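Asker: This is the structure, below, for whatever I ask next.
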Amino acid sequence: MSLDAAMTAPALEFRGVGHAYDGVPVLSDIDLAVAPGEVLSLVGPSGCGKSTLLRLAAGLEPLSIGSILIEGRIVSDPRTQVPPEDRRLGFVFQDIALFPHLTVVDNVAFGLRRRAAPERRRRALAALEQLGLARFAEAYPHTLSGGQQQRVALARALAPDPKLMLLDEPFSGLDARLRDRLRDETLDLLKARGVAAVIVTHDPEEAMRMGDRLAVMSEGRIVQCGTPAELYRRPASPFVASFLGEVERFEGVVQDGHVATPLGRIPAPGLSQGAAALVLIRPEGVVVGEALADAMPQARVIDARLLGRTSLIRIAVDGVAAPLHSRMPGDVLPEPGAAVSVRLDCRRAHVFPLAQGALSDDAAAPPRSPAPDRP
Ligand SMILES: Nc1ncnc2c1ncn2[C@@H]1O[C@H](COP(=O)(O)OP(=O)(O)OP(=O)(O)O)[C@@H](O)[C@H]1O
Ligand SMILES: [Mg+2]
């Protein structure tokens, strides 16, 4: 391969990858490329195959279907399995596993064992310095907090200067503030060094915050891949829409290019007259305002909580079975029992044909029934 080709080749590429454990398929038709320096977030429900995909890329699992390439070179296919240490990648997996009998600096130096001893120590100390861990160099892992151990694992993976990092829920089990900080620090480090990365997370907000792009998985397949804005604003299926954030749902029938909901008509471009449709709308698209004398339908505040920048308002709406959730700027905090007006912001609504895609389990709340026609 020419130097040019190597420079433009994806940092990591899956081509037609499938996998089964003991004959039970867990991954199918995975086609995915991560560009040099790109951070890709991999999200999906528990058990959908995220860790398996990373383990295959790391060379910890033999590949029987398709191929995996790193910088344009095949590292896994049914005839090839380049060992993990020859893939020029760093990984931090779900269970951190530092060596308990080695000091922090020796743990980090372990990843550099092909180099001369003085250089190993120098580079290990530099990696610890970068993650603010220099003062723990001679400590043993059990004397460190969970967050500190996680940073040591990150330092160990980064020390050999890989061009590709595989991170499997690297921030799980940390408190919210530490998690935020470590997330930002990790992202800054990856970007400063131009390291491509795949980061697995359960948390859609973390995925959108870290990833240049997001790949959403369901039952062993990638169901949509794109920038956070593309996925959030134009989800390809009800599953993706509900996975990336809370949604309110209404069912209805398309008439004159619109679906009727209890809170007004929503445009349904591309759906045919009479088709059954599912409308999903995010709480920030449920807009609460001053009560209007002739408001239809009647709406009342059940309760309102300030969550920081935004408030979460639960509203009982005439003709709608379950309370609606609205997310408004934090200065909108109506009293329980107050009469309010509610409208839907069509720009925040996603309309799907009803037959398309199943909702995820946690999102399978019953849809709201259509409103009777207005007089
Ligand atoms: N070593 C194994 N042997 C047999 N089955 C396995 C093995 N590892 C994983 N599986 C199964 O493969 C499927 C995918 O597992 P995987 O660990 O890749 O999911 P995941 O998306 O990482 O889930 P989580 O979010 O819970 O970590 C699951 O059904 C799991 O039970
Ligand atoms: Mg996993």
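Note on naming: chains are A, B, ... as they come in the structure tokens, residues start from 1 per chain, ligands start from 1 in the order shown.
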I need the residues of region 245-350 of chain A that end up classed as strand (DSSP E or B) by DSSP on the backbone, written out as a ChimeraX atom specification.

Answerer: /A:248-255,258-261,264-267,276-281,286-290,299-306,310-317,324-329,339-344,349-350

Asker: Using only C-alpha atoms, determine which residues lie at most 12 Å from Ala277 (chain A), disregarding the query and same-chain residues fewer than 5 positions distant; provide the list as an NGL selection string.

Answerer: :A and (238 or 249-255 or 257-261 or 266-272 or 350-356 or 367-370)

Asker: Take the residues that were just selected and, keeping C-alpha atoms, output them as a compact mmCIF listing (two decimals), in the first residue's frame.

Answerer:
# COMPACT_ATOMS: atom_id res chain seq x y z
CA PRO A 238 -38.84 5.64 16.40
CA ARG A 249 -45.97 9.99 21.63
CA PHE A 250 -49.28 10.35 19.81
CA GLU A 251 -50.95 8.11 17.27
CA GLY A 252 -53.20 9.35 14.49
CA VAL A 253 -54.29 9.05 10.89
CA VAL A 254 -52.90 11.22 8.10
CA GLN A 255 -55.45 13.64 6.67
CA GLY A 257 -50.86 15.87 4.90
CA HIS A 258 -51.25 16.26 8.70
CA VAL A 259 -51.72 14.05 11.75
CA ALA A 260 -54.30 15.25 14.28
CA THR A 261 -53.12 15.16 17.91
CA ILE A 266 -48.58 18.06 12.90
CA PRO A 267 -47.35 18.04 9.28
CA ALA A 268 -46.73 14.52 7.97
CA PRO A 269 -44.66 15.01 4.80
CA GLY A 270 -44.22 11.89 2.71
CA LEU A 271 -47.06 9.92 4.34
CA SER A 272 -50.10 9.01 2.29
CA HIS A 350 -40.91 13.38 14.26
CA VAL A 351 -43.57 11.57 12.30
CA PHE A 352 -43.23 7.91 11.31
CA PRO A 353 -45.54 5.43 9.63
CA LEU A 354 -46.93 3.36 12.49
CA ALA A 355 -45.77 0.01 11.14
CA GLN A 356 -42.15 1.15 10.93
CA PRO A 367 -49.33 6.16 22.63
CA ARG A 368 -51.87 8.90 23.21
CA SER A 369 -55.16 8.67 21.36
CA PRO A 370 -56.06 11.22 18.69

Asker: Can you tell me, as number ranges by chain, which residues in region 176-347 of chain A count as alpha helix (DSSP H) by DSSP?

Answerer: A: 176-193, 204-210, 228-233, 238-243

Asker: Please, could you write that set of residues out with C-alpha atoms as an mmCIF file, in the first residue's frame?

Answerer:
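Final file, result.cif:
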data_model
loop_
_atom_site.group_PDB
_atom_site.id
_atom_site.type_symbol
_atom_site.label_atom_id
_atom_site.label_comp_id
_atom_site.auth_asym_id
_atom_site.auth_seq_id
_atom_site.Cartn_x
_atom_site.Cartn_y
_atom_site.Cartn_z
ATOM 1 C CA ALA A 176 -21.485 13.371 37.753
ATOM 2 C CA ARG A 177 -18.912 16.139 38.208
ATOM 3 C CA LEU A 178 -15.853 13.914 38.014
ATOM 4 C CA ARG A 179 -17.392 12.234 35.012
ATOM 5 C CA ASP A 180 -17.876 15.578 33.250
ATOM 6 C CA ARG A 181 -14.314 16.603 33.950
ATOM 7 C CA LEU A 182 -12.723 13.325 32.902
ATOM 8 C CA ARG A 183 -14.856 13.316 29.772
ATOM 9 C CA ASP A 184 -13.632 16.777 28.764
ATOM 10 C CA GLU A 185 -10.018 15.974 29.621
ATOM 11 C CA THR A 186 -10.125 12.757 27.623
ATOM 12 C CA LEU A 187 -11.680 14.473 24.626
ATOM 13 C CA ASP A 188 -9.076 17.281 24.762
ATOM 14 C CA LEU A 189 -6.274 14.706 24.913
ATOM 15 C CA LEU A 190 -7.607 12.681 21.990
ATOM 16 C CA LYS A 191 -8.134 15.792 19.875
ATOM 17 C CA ALA A 192 -4.757 17.348 20.780
ATOM 18 C CA ARG A 193 -2.981 14.164 19.692
ATOM 19 C CA PRO A 204 -27.060 9.360 24.936
ATOM 20 C CA GLU A 205 -26.006 12.757 26.281
ATOM 21 C CA GLU A 206 -22.451 11.560 26.837
ATOM 22 C CA ALA A 207 -22.441 10.104 23.319
ATOM 23 C CA MET A 208 -23.583 13.375 21.781
ATOM 24 C CA ARG A 209 -21.126 15.372 23.831
ATOM 25 C CA MET A 210 -18.075 13.212 22.973
ATOM 26 C CA PRO A 228 -25.306 14.167 16.882
ATOM 27 C CA ALA A 229 -27.396 16.952 15.290
ATOM 28 C CA GLU A 230 -28.440 14.728 12.361
ATOM 29 C CA LEU A 231 -29.536 11.929 14.642
ATOM 30 C CA TYR A 232 -31.272 14.140 17.166
ATOM 31 C CA ARG A 233 -33.117 16.204 14.569
ATOM 32 C CA PRO A 238 -38.836 5.635 16.402
ATOM 33 C CA PHE A 239 -36.157 3.538 18.105
ATOM 34 C CA VAL A 240 -33.401 6.099 17.417
ATOM 35 C CA ALA A 241 -35.685 9.012 18.348
ATOM 36 C CA SER A 242 -36.594 7.499 21.702
ATOM 37 C CA PHE A 243 -33.074 6.258 22.418
#

Asker: Using only C-alpha atoms and all ligand atoms, find each residue with an atom at most 10 Å away from ligand 2 and format the answer as number ranges by chain.

Answerer: A: 43-55, 93-95, 168-169, 200-202

Asker: Okay, now the selection with C-alpha atoms, as a CSV table (one decimal), in the first residue's frame?

Answerer:
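As a result, part_38.csv now contains:
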chain,number,residue,atom,x,y,z
A,43,VAL,CA,-24.5,3.6,21.7
A,44,GLY,CA,-27.3,1.1,22.1
A,45,PRO,CA,-29.2,-0.9,24.8
A,46,SER,CA,-27.5,-3.4,27.0
A,47,GLY,CA,-26.6,-6.6,25.2
A,48,CYS,CA,-26.8,-5.2,21.6
A,49,GLY,CA,-23.2,-6.1,20.9
A,50,LYS,CA,-21.1,-2.9,21.6
A,51,SER,CA,-18.4,-4.6,23.6
A,52,THR,CA,-18.2,-7.5,21.2
A,53,LEU,CA,-17.5,-5.1,18.4
A,54,LEU,CA,-14.7,-3.5,20.3
A,55,ARG,CA,-13.3,-6.8,21.4
A,93,PHE,CA,-12.5,-1.8,28.9
A,94,GLN,CA,-15.5,-1.9,31.1
A,95,ASP,CA,-13.6,-3.6,34.0
A,168,ASP,CA,-15.7,0.8,26.6
A,169,GLU,CA,-17.8,2.8,29.1
A,200,VAL,CA,-19.0,3.0,24.0
A,201,THR,CA,-21.6,4.5,26.3
A,202,HIS,CA,-25.1,3.8,27.6

Asker: Excluding same-chain residues fewer than 2 positions from region 325-336 of chain A, what lies within 10 Å of it counting only C-alpha atoms, as a CSV table (one decimal) with N, CA and C atoms, in the first residue's frame?

Answerer:
chain,number,residue,atom,x,y,z
A,246,GLU,N,-35.9,11.6,25.9
A,246,GLU,CA,-37.3,11.4,26.2
A,246,GLU,C,-38.2,11.9,25.1
A,247,VAL,N,-39.3,11.2,24.8
A,247,VAL,CA,-40.3,11.6,23.8
A,247,VAL,C,-41.7,11.4,24.3
A,248,GLU,N,-42.6,12.3,23.9
A,248,GLU,CA,-44.0,12.1,24.1
A,248,GLU,C,-44.5,11.6,22.8
A,282,ARG,N,-40.3,15.8,21.4
A,282,ARG,CA,-39.4,15.9,22.7
A,282,ARG,C,-40.1,16.9,23.6
A,283,PRO,N,-39.9,16.7,24.9
A,283,PRO,CA,-40.5,17.6,25.9
A,283,PRO,C,-40.2,19.1,25.6
A,284,GLU,N,-39.1,19.4,25.0
A,284,GLU,CA,-38.8,20.8,24.7
A,284,GLU,C,-39.7,21.3,23.6
A,285,GLY,N,-40.4,20.4,22.9
A,285,GLY,CA,-41.3,20.8,21.8
A,285,GLY,C,-42.7,20.9,22.4
A,286,VAL,N,-42.9,20.6,23.7
A,286,VAL,CA,-44.2,20.8,24.3
A,286,VAL,C,-44.2,22.1,25.0
A,287,VAL,N,-44.8,23.2,24.4
A,287,VAL,CA,-44.5,24.5,24.9
A,287,VAL,C,-45.7,25.0,25.8
A,288,VAL,N,-45.3,25.4,27.0
A,288,VAL,CA,-46.3,25.8,28.0
A,288,VAL,C,-46.3,27.4,28.0
A,289,GLY,N,-47.5,27.9,27.9
A,289,GLY,CA,-47.7,29.4,28.0
A,289,GLY,C,-48.8,29.8,28.9
A,290,GLU,N,-49.1,31.1,28.9
A,290,GLU,CA,-50.1,31.7,29.7
A,290,GLU,C,-51.5,31.0,29.3
A,300,ARG,N,-53.8,21.8,32.8
A,300,ARG,CA,-53.5,22.2,34.1
A,300,ARG,C,-52.1,21.7,34.5
A,301,VAL,N,-51.3,22.4,35.3
A,301,VAL,CA,-50.0,22.0,35.8
A,301,VAL,C,-50.2,21.0,36.9
A,302,ILE,N,-49.6,19.8,36.8
A,302,ILE,CA,-49.6,18.9,37.9
A,302,ILE,C,-48.5,19.3,38.9
A,303,ASP,N,-47.3,19.3,38.4
A,303,ASP,CA,-46.2,19.9,39.2
A,303,ASP,C,-45.1,20.4,38.2
A,304,ALA,N,-44.2,21.2,38.8
A,304,ALA,CA,-43.1,21.8,38.0
A,304,ALA,C,-41.8,21.7,38.8
A,305,ARG,N,-40.7,21.2,38.3
A,305,ARG,CA,-39.5,21.1,39.0
A,305,ARG,C,-38.4,21.9,38.3
A,306,LEU,N,-37.6,22.6,39.0
A,306,LEU,CA,-36.4,23.3,38.4
A,306,LEU,C,-35.3,22.3,38.4
A,307,LEU,N,-34.7,22.0,37.2
A,307,LEU,CA,-33.7,21.0,37.0
A,307,LEU,C,-32.3,21.7,36.8
A,308,GLY,N,-32.2,23.0,37.0
A,308,GLY,CA,-31.0,23.7,36.7
A,308,GLY,C,-31.3,24.7,35.6
A,309,ARG,N,-30.8,24.5,34.4
A,309,ARG,CA,-31.1,25.5,33.3
A,309,ARG,C,-32.5,25.3,32.8
A,310,THR,N,-33.1,24.1,32.9
A,310,THR,CA,-34.4,24.0,32.4
A,310,THR,C,-35.4,23.5,33.6
A,311,SER,N,-36.7,23.6,33.3
A,311,SER,CA,-37.6,23.1,34.2
A,311,SER,C,-38.4,22.0,33.5
A,312,LEU,N,-38.9,21.0,34.4
A,312,LEU,CA,-39.7,19.9,33.8
A,312,LEU,C,-41.1,20.1,34.4
A,313,ILE,N,-42.0,20.3,33.5
A,313,ILE,CA,-43.4,20.6,33.9
A,313,ILE,C,-44.3,19.4,33.5
A,314,ARG,N,-45.0,18.9,34.4
A,314,ARG,CA,-46.0,17.8,34.1
A,314,ARG,C,-47.4,18.4,34.0
A,315,ILE,N,-48.1,18.1,32.9
A,315,ILE,CA,-49.3,18.8,32.6
A,315,ILE,C,-50.4,17.7,32.4
A,316,ALA,N,-51.6,18.0,33.0
A,316,ALA,CA,-52.7,17.2,32.6
A,316,ALA,C,-53.5,17.9,31.6
A,322,ALA,N,-52.4,10.1,29.8
A,322,ALA,CA,-51.2,10.3,30.7
A,322,ALA,C,-50.7,11.7,30.8
A,323,PRO,N,-50.1,12.1,31.9
A,323,PRO,CA,-49.5,13.5,31.9
A,323,PRO,C,-48.5,13.7,30.8
A,338,ALA,N,-52.1,25.4,38.3
A,338,ALA,CA,-52.3,26.6,37.4
A,338,ALA,C,-52.9,26.2,36.0
A,339,ALA,N,-53.8,27.0,35.5
A,339,ALA,CA,-54.3,26.7,34.1
A,339,ALA,C,-53.2,27.3,33.2
A,340,VAL,N,-52.9,26.5,32.1
A,340,VAL,CA,-51.9,27.0,31.2
A,340,VAL,C,-52.4,26.6,29.8
A,342,VAL,N,-51.1,24.9,26.1
A,342,VAL,CA,-50.0,24.0,25.7
A,342,VAL,C,-50.1,23.9,24.2
A,344,LEU,N,-47.8,22.3,20.6
A,344,LEU,CA,-46.7,21.5,20.1
A,344,LEU,C,-45.9,22.3,19.1

Asker: Write out as a ChimeraX atom specification the residues lying within 8 Å of Ile70 (chain A), counting only C-alpha atoms and excluding same-chain residues fewer than 6 positions away.

Answerer: /A:10-13,87
